[in-house]
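Report on one structure; see the data block that follows.
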Amino acid sequence: MTAGPALPPESHPAWTGLISGTIQHEFSYAAAGMLLFNLNIQWRRDPARLPLLIRQARAFFQKYQHLIIYDLQKLFT
């Protein structure tokens, strides 16, 4: 398995867009979509938690990068 491109830092604006729902994407890996749906609900309840939610999303994407590499290329390039 080859490593994909490095994920952008937590400060990249796409993370905020994914969690807030301003960036819509249908993931090829259903668990990624479910995670972002859940993180969006948490963000709507408490927007101050955004940095924590971004860390959670980025950690998930890092772990499962090999399954969602094409999604990541679309979102972050």
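By order of appearance in the structure tokens: chains A, B, ..., then residues from 1 within every chain, and ligands from 1 in the order shown.
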Residue neighbourhood Glu26 of chain A, 10 Å, only C-alpha atoms, exclusion window fewer than 5 positions, as a PyMOL selection string: chain A and resi 32-33+71
Suppose we keep C-alpha atoms; can you now write the selection as a PDB file, in the first residue's frame?
```pdb
ATOM      1  CA  ALA A  32     -16.794   8.996   6.444  1.00  0.00           C
ATOM      2  CA  GLY A  33     -20.155  10.486   5.527  1.00  0.00           C
ATOM      3  CA  ASP A  71     -12.355  11.696  -1.941  1.00  0.00           C
TER       4      ASP A  71
END
```
Residues near Glu10 of chain A, cut-off 12 Å, only C-alpha atoms, skip fewer than 5 positions along chain, as a VMD selection string: chain A and resid 15 to 19 50 to 59 61 to 62 76
Per-residue DSSP, chain A, filtered to alpha helix (DSSP H), as a PyMOL selection string: chain A and resi 13-20+30-45+50-63+69-76
Using N, CA and C atoms, can you write the selected residues to a file as a compact mmCIF listing (two decimals), in the first residue's frame?
```txt
# COMPACT_ATOMS: atom_id res chain seq x y z
N PRO A 13 -9.24 25.55 5.46
CA PRO A 13 -10.66 25.92 5.52
C PRO A 13 -11.63 24.80 5.12
N ALA A 14 -11.17 23.81 4.38
CA ALA A 14 -12.07 22.72 3.99
C ALA A 14 -12.55 21.93 5.21
N TRP A 15 -11.74 21.84 6.24
CA TRP A 15 -12.20 21.11 7.44
C TRP A 15 -13.43 21.79 8.03
N THR A 16 -13.38 23.09 8.17
CA THR A 16 -14.53 23.83 8.70
C THR A 16 -15.73 23.65 7.78
N GLY A 17 -15.49 23.72 6.48
CA GLY A 17 -16.58 23.55 5.52
C GLY A 17 -17.23 22.18 5.60
N LEU A 18 -16.42 21.15 5.76
CA LEU A 18 -16.98 19.80 5.86
C LEU A 18 -17.82 19.63 7.12
N ILE A 19 -17.33 20.15 8.23
CA ILE A 19 -18.04 19.97 9.49
C ILE A 19 -19.27 20.87 9.57
N SER A 20 -19.17 22.07 9.05
CA SER A 20 -20.33 22.98 9.11
C SER A 20 -21.38 22.65 8.06
N ALA A 30 -18.82 4.98 3.23
CA ALA A 30 -20.01 5.46 3.95
C ALA A 30 -19.70 5.94 5.36
N ALA A 31 -18.76 5.30 6.03
CA ALA A 31 -18.44 5.69 7.40
C ALA A 31 -17.95 7.13 7.48
N ALA A 32 -17.27 7.61 6.45
CA ALA A 32 -16.79 9.00 6.44
C ALA A 32 -17.98 9.96 6.40
N GLY A 33 -18.96 9.65 5.59
CA GLY A 33 -20.15 10.49 5.53
C GLY A 33 -20.92 10.48 6.83
N MET A 34 -21.01 9.31 7.45
CA MET A 34 -21.72 9.21 8.73
C MET A 34 -20.99 10.00 9.81
N LEU A 35 -19.66 9.93 9.81
CA LEU A 35 -18.89 10.68 10.79
C LEU A 35 -19.14 12.17 10.63
N LEU A 36 -19.06 12.66 9.40
CA LEU A 36 -19.26 14.09 9.19
C LEU A 36 -20.69 14.52 9.51
N PHE A 37 -21.65 13.67 9.26
CA PHE A 37 -23.03 13.97 9.65
C PHE A 37 -23.11 14.16 11.17
N ASN A 38 -22.49 13.24 11.90
CA ASN A 38 -22.49 13.31 13.36
C ASN A 38 -21.73 14.55 13.85
N LEU A 39 -20.59 14.83 13.26
CA LEU A 39 -19.81 16.00 13.67
C LEU A 39 -20.57 17.29 13.38
N ASN A 40 -21.34 17.31 12.29
CA ASN A 40 -22.14 18.49 11.97
C ASN A 40 -23.20 18.72 13.03
N ILE A 41 -23.83 17.65 13.49
CA ILE A 41 -24.84 17.79 14.56
C ILE A 41 -24.18 18.35 15.82
N GLN A 42 -23.01 17.82 16.17
CA GLN A 42 -22.31 18.30 17.36
C GLN A 42 -21.93 19.77 17.20
N TRP A 43 -21.50 20.16 16.00
CA TRP A 43 -21.11 21.55 15.75
C TRP A 43 -22.31 22.48 15.88
N ARG A 44 -23.46 22.04 15.36
CA ARG A 44 -24.66 22.89 15.45
C ARG A 44 -25.08 23.08 16.91
N ARG A 45 -24.87 22.07 17.73
CA ARG A 45 -25.22 22.19 19.15
C ARG A 45 -24.26 23.11 19.90
N LEU A 50 -15.64 23.39 17.52
CA LEU A 50 -15.11 23.18 16.17
C LEU A 50 -13.68 22.65 16.14
N PRO A 51 -12.73 23.22 16.89
CA PRO A 51 -11.36 22.68 16.83
C PRO A 51 -11.28 21.19 17.21
N LEU A 52 -12.03 20.78 18.21
CA LEU A 52 -12.05 19.37 18.61
C LEU A 52 -12.65 18.51 17.50
N LEU A 53 -13.72 18.97 16.90
CA LEU A 53 -14.39 18.22 15.85
C LEU A 53 -13.49 18.09 14.62
N ILE A 54 -12.74 19.13 14.31
CA ILE A 54 -11.79 19.06 13.19
C ILE A 54 -10.72 18.03 13.50
N ARG A 55 -10.21 18.02 14.73
CA ARG A 55 -9.20 17.02 15.10
C ARG A 55 -9.74 15.60 14.94
N GLN A 56 -11.00 15.40 15.34
CA GLN A 56 -11.61 14.07 15.21
C GLN A 56 -11.74 13.68 13.74
N ALA A 57 -12.19 14.59 12.91
CA ALA A 57 -12.35 14.29 11.49
C ALA A 57 -10.99 14.01 10.86
N ARG A 58 -10.01 14.83 11.16
CA ARG A 58 -8.68 14.65 10.56
C ARG A 58 -8.06 13.33 11.00
N ALA A 59 -8.24 12.95 12.26
CA ALA A 59 -7.70 11.67 12.74
C ALA A 59 -8.36 10.51 12.01
N PHE A 60 -9.66 10.58 11.80
CA PHE A 60 -10.38 9.54 11.06
C PHE A 60 -9.85 9.46 9.62
N PHE A 61 -9.74 10.61 8.96
CA PHE A 61 -9.26 10.62 7.58
C PHE A 61 -7.84 10.11 7.48
N GLN A 62 -7.03 10.41 8.48
CA GLN A 62 -5.64 9.92 8.50
C GLN A 62 -5.64 8.39 8.60
N LYS A 63 -6.45 7.86 9.49
CA LYS A 63 -6.48 6.42 9.71
C LYS A 63 -7.01 5.66 8.49
N ILE A 69 -8.92 7.85 -0.47
CA ILE A 69 -7.89 8.66 -1.12
C ILE A 69 -8.47 9.53 -2.24
N TYR A 70 -9.38 8.98 -3.04
CA TYR A 70 -9.94 9.75 -4.15
C TYR A 70 -10.83 10.88 -3.64
N ASP A 71 -11.54 10.63 -2.55
CA ASP A 71 -12.35 11.70 -1.94
C ASP A 71 -11.45 12.81 -1.44
N LEU A 72 -10.36 12.45 -0.80
CA LEU A 72 -9.44 13.45 -0.25
C LEU A 72 -8.84 14.30 -1.35
N GLN A 73 -8.51 13.66 -2.47
CA GLN A 73 -7.94 14.41 -3.59
C GLN A 73 -8.94 15.43 -4.12
N LYS A 74 -10.22 15.07 -4.15
CA LYS A 74 -11.24 16.01 -4.63
C LYS A 74 -11.45 17.16 -3.64
N LEU A 75 -11.41 16.84 -2.37
CA LEU A 75 -11.72 17.84 -1.35
C LEU A 75 -10.57 18.81 -1.08
N PHE A 76 -9.35 18.33 -1.15
CA PHE A 76 -8.21 19.13 -0.70
C PHE A 76 -7.24 19.54 -1.79
```
Interatomic distance, atom CA of Tyr29 of chain A to atom CA of His66 of chain A (Å, one decimal):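 A separation of 10.4 Å between them.
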